[in-house]
Each structure stands twice: as C-alpha cells, then as structure tokens.
Amino acid sequence: MVPSPHAPAAVAPPKHFLQFTDFTRDEIGHVLERTRWIKERFKRYELYQPLRDRTLAMVFEKASTRTRVSFEAGMFQLGGIAINLNRGDTQLSRGEPIEDVARVISRMVDVVMIRTFEQSIIERFAAHSRVPVINGLTNEYHPCQILADIYTYVEHRGDIAGRTVAWVGDGNNMCNTWIQAAAVLGFTVHVATPVGYAIDDAKGSPYRAHYRTFADPMEACRGVDLVTTDVWTSMGFEAEDAARRTAFAEWMVDPAMMREAHPDALFMHCLPAHRGEEVAPEVIDGPQSVVWDEAENRLHAQKALLEYLVCGRVDGTD
C-alpha cells in the first residue's frame, strides 16, 4: 500500500525537563554554557531572539513570584510570548483529565511549564504532550531552581564537580533535586534534617553514593563549599507550621554554621526567606550570600533551557 502524501510524518518524542536526571552531564554542561553566553549578551543589551513566534504556556496550580516572572520575562526576551494559566482559568478546575488538557494545549503552543503538586501530575501531562514540558516545581522536585543554583556556583567559584554542598533543613523537593544534581555532575551533598523530616528513601536511595546524612547540622557544614537551605514550611504544608517551628529550632543557618564551612563557602536560598527562622539575617545579608545573583540566574538559566528544548543544541553565536 502506498502511503498517502498527506499522512503526517513520524515525529520523535519531545525532550522534557521533569527531573534533574532527565538531562545528562553533557546536556547540563551545554545549558550552563549557554546560560553564560545568554546572560553576557543580555548584560550588553544585545538582542537575542531565537524564539520569535514561539509560545510558552505556563500552568500554575501553585502560586509563584519568581517562577512566573523569570519564565514570562525570559520568553519575551527570547522573542516569544508566554500565556499564564491558573487552575481556575482551565477546565482542570471542572474535572477535565490532565491527559486531555495536555493533548489540547500541546497542539497550540511550543513548550509548556507546569508548577503543580504531585510529580505524577506533570508526568501524566508530559506523556500526552507533543511539545517539551518543564517542571516549574512539584512537591518532589524543583529542577529549574537547582539549575540556576548550580550556574550561580559555577559563576562564582568554577566547576562544582568534586565539591561538597550542605543542605540544612527539610528533606523536601529542593533537597531531592540537589541529590539528583550531585549524581549527574559528580559532587557530594551533606544532608542535615530534623528527626521526622529526612529525605524519602525512594528518592534518595538511587543516588546513595552522592550524599551523606547528618544528625548535627554543624557537622554537616564542616568544610563544605556551599551551604543552602529553604523555608521550614513549604507550600502545601501550612497546617504543620507550628510543629515544624519546634522541630527545626536548631536548624537555622547562622554565622556559627557558616564558620564551620570552608572560608570561601557560599550561602544560597531559593527564596522567599524568613530571616530569623531558617536563616539568620547576618548570613543571608552577609558577604558569603549570593541569593540575589541566584534569583536573577533563574531568568538566564531558564532562557538557556527554553532555547535547548525548543531549538535543540545551539553552539557558538548567531
């Protein structure tokens, strides 16, 4: 049988960024190098618009400031447009299956970013999407934030391979993703969490060679190259706030912890931060803190990510 000349050609499945481990070390290295190039060009006020006439759909089931602004501004700077969809703006709020939403939206746009609850939601969407899907945050992972954090470390201190990162606080989505990044890029994470807030064994066990757990946060910080933390009560866990404040009382990153780290160590926080809770004001506003560069680099790292997912590998300059 002769195929119809109008039959659609076979299309390779799109590349997604749902977890940090979706990319190889080489791919992460490429995106980091493109982040540097794109950021330097941006700082020189030089126009770079590889995504002209392309559209990003942003689906928010969890509220956001940094994720929305960085993706929306980034897409505009690359020449495209971004459409913001909250849950109430879609048929998801009326019970439409996520698979059907994916089938429809992905026929109308070029890339989708989703910020939602369970990782299974974004995985189901991606399985039925014709275009790349980016994890803007789930309960389990936050790969875009860690991509920006690693670029920030590289920008200030060079290659992160062989270094040691201390995670102090909740064994949450950020912690899970730091551990994945350590496995991909070849560094070590010291994880210090209160009793009852350790990382999920199912999330950590595949990467056991790349992290160590500590009962004492001071010991976890000893000699490390980077100390990082997050709020004690993540979005969706507000009902646990009082219990968490008690459990995490000794887990505030303070000057004493930073003194245990390498003298050249950096401090990071994905923000928003609660001074006097998970971090002392003297640390987040001190000379070792790079949180503002870290926040800005969400913009540039995500532009490089969008370029890679939509355009493929771009080397050199245009």
# chains A, B, ... in the order shown; residues from 1 in each chain; ligands from 1
>>> residues_around(residues="region 82-86 of chain A", least_positions_apart="2", cutoff="8 Å", atoms="only C-alpha atoms", output="PyMOL selection string")
chain A and resi 55-61+71-72+75-76+80+88-90
>>> write_last_selection(atoms="C-alpha atoms", output="PDB file, in the first residue's frame")
ATOM      1  CA  THR A  55       4.681  30.397  22.592  1.00  0.00           C
ATOM      2  CA  LEU A  56       5.163  29.176  26.154  1.00  0.00           C
ATOM      3  CA  ALA A  57       2.117  28.065  28.158  1.00  0.00           C
ATOM      4  CA  MET A  58       2.613  28.449  31.917  1.00  0.00           C
ATOM      5  CA  VAL A  59       0.210  26.358  34.008  1.00  0.00           C
ATOM      6  CA  PHE A  60       0.126  27.299  37.702  1.00  0.00           C
ATOM      7  CA  GLU A  61      -1.637  25.088  40.217  1.00  0.00           C
ATOM      8  CA  PHE A  71       9.719  32.432  32.637  1.00  0.00           C
ATOM      9  CA  GLU A  72       7.479  35.206  31.329  1.00  0.00           C
ATOM     10  CA  MET A  75      10.306  34.104  26.935  1.00  0.00           C
ATOM     11  CA  PHE A  76       9.708  37.736  25.980  1.00  0.00           C
ATOM     12  CA  GLY A  80       8.382  34.717  22.110  1.00  0.00           C
ATOM     13  CA  GLY A  88      -9.218  28.336  37.602  1.00  0.00           C
ATOM     14  CA  ASP A  89      -8.549  29.508  34.036  1.00  0.00           C
ATOM     15  CA  THR A  90      -8.617  25.948  32.680  1.00  0.00           C
TER      16      THR A  90
END
>>> residues_around(residues="region 42-45 of chain A", least_positions_apart="5", cutoff="9 Å", atoms="only C-alpha atoms", output="list in words")
Trp37, Gln77 and His300 of chain A
>>> atom_distance(atom1="CA of Val168 (chain A)", atom2="CA of Glu250 (chain A)")
10.1 Å
>>> closest_residue(among="A:Cys175, A:Leu309, A:Ala181, A:Ala304", to="Tyr48 (chain A)", atoms="only C-alpha atoms")
A:Ala304
>>> closest_atom_pairs(of="region 115-178 of chain A", to="region 219-223 of chain A", cutoff="12 Å", atoms="only C-alpha atoms", output="JSON lines")
{"residue": "A:Arg163", "atom": "CA", "partner": "A:Gly223", "partner_atom": "CA", "distance": 10.1}
{"residue": "A:Thr164", "atom": "CA", "partner": "A:Gly223", "partner_atom": "CA", "distance": 8.2}
{"residue": "A:Val165", "atom": "CA", "partner": "A:Cys221", "partner_atom": "CA", "distance": 8.1}
{"residue": "A:Ala166", "atom": "CA", "partner": "A:Cys221", "partner_atom": "CA", "distance": 5.5}
{"residue": "A:Trp167", "atom": "CA", "partner": "A:Ala220", "partner_atom": "CA", "distance": 7.9}
{"residue": "A:Val168", "atom": "CA", "partner": "A:Ala220", "partner_atom": "CA", "distance": 7.9}
{"residue": "A:Gly169", "atom": "CA", "partner": "A:Ala220", "partner_atom": "CA", "distance": 11.1}
>>> write_last_selection(atoms="C-alpha atoms", output="compact mmCIF listing (two decimals), in the first residue's frame")
# COMPACT_ATOMS: atom_id res chain seq x y z
CA ARG A 163 32.77 19.94 45.71
CA THR A 164 30.57 19.45 48.78
CA VAL A 165 27.20 21.09 49.39
CA ALA A 166 25.48 21.19 52.80
CA TRP A 167 21.70 21.03 52.80
CA VAL A 168 20.30 22.18 56.16
CA GLY A 169 16.58 21.84 56.85
>>> closest_residue(among="A:Val189, A:Val231, A:Ala183, A:Met257", to="Arg25 (chain A)", atoms="only C-alpha atoms")
A:Ala183
>>> closest_residue(among="A:Ser234, A:Gln49, A:Ser64, A:Ser106", to="Leu78 (chain A)", atoms="only C-alpha atoms")
A:Gln49
